[in-house]
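Visitor: Next up is a structure, given as structure tokens.
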Amino acid sequence: MLVPSKTIVYATRNILARASAARIVLALSDLLASKEAVHVGIAGGFVSNHVLKEVARFPLSADLDWSGLHVWWVDERFVGSDRSERNDAQALAALDGIWDSAHFHRIGSANDFSTATEAAKAYQAELEAELTPSFDLAILGMGPDGHVASIFPSRPAGEQSAYAVFDSPKPPAIRVTVSMGLLRACKKRFIILSGEEKSTAFAKAIAAGISSEKCPAAALNMSGTYWLTDLAAAGN
Ligand SMILES: O=C(O)[C@H](O)[C@@H](O)[C@H](O)[C@H](O)COP(=O)(O)O
């Protein structure tokens, strides 16, 4: 039997961030109890700047041993390593040291590589060496246009597990993203959405028959996906 995705709606943006953080900590703690290495893929935006702050504040976070955790980014802005708009910089600032014993797999910056293609190739090699076949958990956001990671509507989808993007409609234009194939192969996905501006794309993402070219998030409306939203994003 095909198991569908699940949608859980929280009253407000703050409750959504706190409840998502609780789910993340408990899901990772269960995985860490049963596996030596646990791989989590994280997005930027609301996930990094709000949800990960709540992860850092969640009481159990300080008690757990995070040394088996491997943290990966599902996308990154291809700018200098010292730039505050990098997704890794924002996530690490939000985490405030709570996952310091974890292993961080950052996507190469414009200081490390002269092109985003080279950074993507290096990240692809690292992903393929360590993941079988994907993250244990992906923590994703979704843009108002239905993008996930840096997979945007009406843009060529890469075949490789990580690839460069040169014409992102959301600045900056040059990025590195993991592929839809890698995100679909995750064991579990939390897609966390807040705000009325997400409601149209969310309705499309969970509707039957919408092409992922028009709404990339629709490709993740599948078993293992939890849509975590506030009332506004759910269209109520
Ligand atoms: O580099 C980025 O811009 C982000 O990683 C991006 O993919 C983000 O996850 C979505 O745009 C949703 O962002 P919000 O949750 O902030 O709307």
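Residue numbering restarts at 1 for every chain of the structure tokens, chains are lettered A, B, ... in their displayed order, and ligands are numbered from 1 as they appear.
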Please return, as a ChimeraX atom specification, all residues of segment 82-178 of chain A that DSSP assigns to helix (DSSP H, G or I) on the basis of the backbone.

Guide: /A:87-95,116-130

Visitor: Would you list the contacts of segment 174-183 of chain A as number ranges by chain, taking every protein, DNA or RNA residue within 6 Å and counting only C-alpha atoms, but skipping same-chain residues closer than 5 positions in sequence?

Guide: A: 74-78, 120, 134, 150, 161-166

Visitor: So which residues are near ligand 1, meaning at most 6 Å away with only C-alpha atoms and all ligand atoms counted, given back as a ChimeraX atom specification?

Guide: /A:43-47,75-77,87,140-143,148-150

Visitor: When you count only C-alpha atoms, which of these residues is closest to Ala205 of chain A: A:His147, A:Arg13, A:His39, A:Arg155?

Guide: A:His147

Visitor: Give the answer as one residue: which of A:Ala201, A:Ala33, A:Ala125, A:Val55 has the shortest atom-to-atom distance to Ser67 of chain A, using only C-alpha atoms?

Guide: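 Closest residue, counting only C-alpha atoms: A:Ala33.
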
Visitor: Smallest atom-to-atom distance to Thr12 of chain A: which of A:Leu193, A:Leu32, A:Val40, A:Ala203, using only C-alpha atoms?

Guide: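 Of the candidates, the smallest distance to Thr12 of chain A is held by A:Leu193.
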
Visitor: State, in Å with one decimal place, the distance from atom CA of Ser29 of chain A to atom CA of Leu69 of chain A.

Guide: 9.6 Å

Visitor: Might you pull out every residue within 8 Å of Cys186 of chain A, with only C-alpha atoms counted and same-chain residues fewer than 4 positions away left off, and present them as a list in words?

Guide: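 Listing them by chain and then by number gives Pro133, Ser134, Phe135, Asp136, Leu137, Ala138 and Leu182 of chain A.
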
Visitor: Could you save those same residues with all heavy atoms as a PDB file, in the first residue's frame?

Guide:
```pdb
ATOM      1  N   PRO A 133      21.497   5.580   0.404  1.00  0.00           N
ATOM      2  CA  PRO A 133      21.826   6.383  -0.768  1.00  0.00           C
ATOM      3  C   PRO A 133      21.653   7.887  -0.524  1.00  0.00           C
ATOM      4  O   PRO A 133      22.037   8.696  -1.364  1.00  0.00           O
ATOM      5  CB  PRO A 133      20.778   5.918  -1.783  1.00  0.00           C
ATOM      6  CG  PRO A 133      19.563   5.643  -0.929  1.00  0.00           C
ATOM      7  CD  PRO A 133      20.075   5.199   0.426  1.00  0.00           C
ATOM      8  N   SER A 134      21.088   8.272   0.645  1.00  0.00           N
ATOM      9  CA  SER A 134      20.776   9.689   0.839  1.00  0.00           C
ATOM     10  C   SER A 134      20.792  10.022   2.331  1.00  0.00           C
ATOM     11  O   SER A 134      21.215   9.211   3.152  1.00  0.00           O
ATOM     12  CB  SER A 134      19.405   9.994   0.219  1.00  0.00           C
ATOM     13  OG  SER A 134      19.159  11.379   0.246  1.00  0.00           O
ATOM     14  N   PHE A 135      20.304  11.211   2.668  1.00  0.00           N
ATOM     15  CA  PHE A 135      20.221  11.626   4.064  1.00  0.00           C
ATOM     16  C   PHE A 135      19.212  10.751   4.820  1.00  0.00           C
ATOM     17  O   PHE A 135      18.236  10.280   4.236  1.00  0.00           O
ATOM     18  CB  PHE A 135      19.743  13.074   4.168  1.00  0.00           C
ATOM     19  CG  PHE A 135      20.527  14.039   3.313  1.00  0.00           C
ATOM     20  CD1 PHE A 135      19.903  14.784   2.327  1.00  0.00           C
ATOM     21  CD2 PHE A 135      21.890  14.208   3.496  1.00  0.00           C
ATOM     22  CE1 PHE A 135      20.605  15.672   1.531  1.00  0.00           C
ATOM     23  CE2 PHE A 135      22.609  15.097   2.713  1.00  0.00           C
ATOM     24  CZ  PHE A 135      21.972  15.828   1.731  1.00  0.00           C
ATOM     25  N   ASP A 136      19.428  10.581   6.121  1.00  0.00           N
ATOM     26  CA  ASP A 136      18.414   9.919   6.950  1.00  0.00           C
ATOM     27  C   ASP A 136      17.212  10.846   7.125  1.00  0.00           C
ATOM     28  O   ASP A 136      16.076  10.396   7.216  1.00  0.00           O
ATOM     29  CB  ASP A 136      19.001   9.579   8.329  1.00  0.00           C
ATOM     30  CG  ASP A 136      20.131   8.581   8.210  1.00  0.00           C
ATOM     31  OD1 ASP A 136      19.855   7.429   7.860  1.00  0.00           O
ATOM     32  OD2 ASP A 136      21.304   8.969   8.418  1.00  0.00           O
ATOM     33  N   LEU A 137      17.498  12.126   7.216  1.00  0.00           N
ATOM     34  CA  LEU A 137      16.442  13.127   7.400  1.00  0.00           C
ATOM     35  C   LEU A 137      16.822  14.385   6.615  1.00  0.00           C
ATOM     36  O   LEU A 137      17.969  14.845   6.713  1.00  0.00           O
ATOM     37  CB  LEU A 137      16.313  13.472   8.899  1.00  0.00           C
ATOM     38  CG  LEU A 137      15.369  14.609   9.262  1.00  0.00           C
ATOM     39  CD1 LEU A 137      13.909  14.242   8.963  1.00  0.00           C
ATOM     40  CD2 LEU A 137      15.501  14.976  10.750  1.00  0.00           C
ATOM     41  N   ALA A 138      15.877  14.927   5.847  1.00  0.00           N
ATOM     42  CA  ALA A 138      16.104  16.227   5.196  1.00  0.00           C
ATOM     43  C   ALA A 138      15.153  17.233   5.822  1.00  0.00           C
ATOM     44  O   ALA A 138      13.961  16.941   6.001  1.00  0.00           O
ATOM     45  CB  ALA A 138      15.847  16.135   3.698  1.00  0.00           C
ATOM     46  N   LEU A 182      18.156  12.943  -5.018  1.00  0.00           N
ATOM     47  CA  LEU A 182      18.727  12.736  -3.677  1.00  0.00           C
ATOM     48  C   LEU A 182      17.669  13.036  -2.603  1.00  0.00           C
ATOM     49  O   LEU A 182      17.555  12.308  -1.608  1.00  0.00           O
ATOM     50  CB  LEU A 182      19.965  13.625  -3.478  1.00  0.00           C
ATOM     51  CG  LEU A 182      20.821  13.225  -2.280  1.00  0.00           C
ATOM     52  CD1 LEU A 182      21.751  12.067  -2.652  1.00  0.00           C
ATOM     53  CD2 LEU A 182      21.650  14.397  -1.777  1.00  0.00           C
TER      54      LEU A 182
END
```

Visitor: Rounded to one decimal, what separation in Å do you get between atom CA of Asn111 of chain A and atom CA of Phe152 of chain A?

Guide: 25.2 Å

Visitor: May I ask which of the residues A:Arg106, A:Arg184, A:His70, A:Arg57 is the closest one to Tyr123 of chain A, counting only C-alpha atoms?

Guide: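 Closest residue, counting only C-alpha atoms: A:Arg106.
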
Visitor: Pick out the residues sitting within 6 Å of Leu52 of chain A, and hand them over as an mmCIF file with C-alpha atoms, in the first residue's frame; count only C-alpha atoms, and ignore anything fewer than 2 positions along from it in its own chain.

Guide:
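Once written, part_35.cif looks like this:
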```
data_model
loop_
_atom_site.group_PDB
_atom_site.id
_atom_site.type_symbol
_atom_site.label_atom_id
_atom_site.label_comp_id
_atom_site.auth_asym_id
_atom_site.auth_seq_id
_atom_site.Cartn_x
_atom_site.Cartn_y
_atom_site.Cartn_z
ATOM 1 C CA SER A 48 18.078 27.873 9.495
ATOM 2 C CA HIS A 50 14.120 30.148 13.109
ATOM 3 C CA GLU A 54 14.649 26.519 18.514
ATOM 4 C CA VAL A 55 16.686 23.316 18.135
ATOM 5 C CA ALA A 94 21.408 29.853 14.841
ATOM 6 C CA LEU A 95 22.731 26.612 16.333
#
```

Visitor: I'd like the neighbourhood of segment 3-6 of chain A as JSON, numbers by chain, where a residue qualifies if any of its atoms comes within 6 Å (using only C-alpha atoms), though same-chain residues fewer than 6 positions away should be ignored.

Guide: {"A": [221, 222, 223, 225, 226]}

Visitor: Could you list, as a list in words, every residue within 7 Å of Ile98 of chain A, counting only C-alpha atoms and ignoring same-chain residues fewer than 3 positions away?

Guide: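 With the cut-off at 7 Å, the set is Ala56, Ser61, Ala62 and Leu95 of chain A.
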
Visitor: Can I get the selection written as a short mmCIF file (atom, residue, chain, number, x, y, z; two decimals), in the first residue's frame, with C-alpha atoms?

Guide:
```
data_model
loop_
_atom_site.label_atom_id
_atom_site.label_comp_id
_atom_site.auth_asym_id
_atom_site.auth_seq_id
_atom_site.Cartn_x
_atom_site.Cartn_y
_atom_site.Cartn_z
CA ALA A 56 19.48 25.05 20.06
CA SER A 61 19.58 19.34 22.85
CA ALA A 62 22.15 20.14 25.52
CA LEU A 95 22.73 26.61 16.33
#
```

Visitor: From a DSSP pass on the backbone, collect the residues of segment 51-86 of chain A flagged as strand (DSSP E) and hand them back as a list in words.

Guide: Leu69, His70, Val71, Trp72, Trp73, Asp75, Glu76 and Arg77 of chain A

Visitor: Counting only C-alpha atoms, which of A:Ser211, A:Gln90, A:Ser34, A:Ser20 gets nearest to Phe58 of chain A?

Guide: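 With only C-alpha atoms as the atom set, the closest residue is A:Ser20.
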
Visitor: Residues within 7 Å of Tyr10 of chain A, please, as a ChimeraX atom specification. Count only C-alpha atoms; anything in the same chain fewer than 2 positions from it doesn't count.

Guide: /A:8,12,15-16,229-231

Visitor: Pick the closest to Ala22 of chain A from A:Phe190, A:Ile42, A:Glu126, A:Val79: which is it, counting only C-alpha atoms?

Guide: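 Nearest candidate to Ala22 of chain A out of A:Phe190, A:Ile42, A:Glu126, A:Val79: A:Phe190.
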
Visitor: Which distance in Å separates atom CA of Ala234 of chain A and atom CA of Lys53 of chain A, to one decimal?

Guide: 22.9 Å
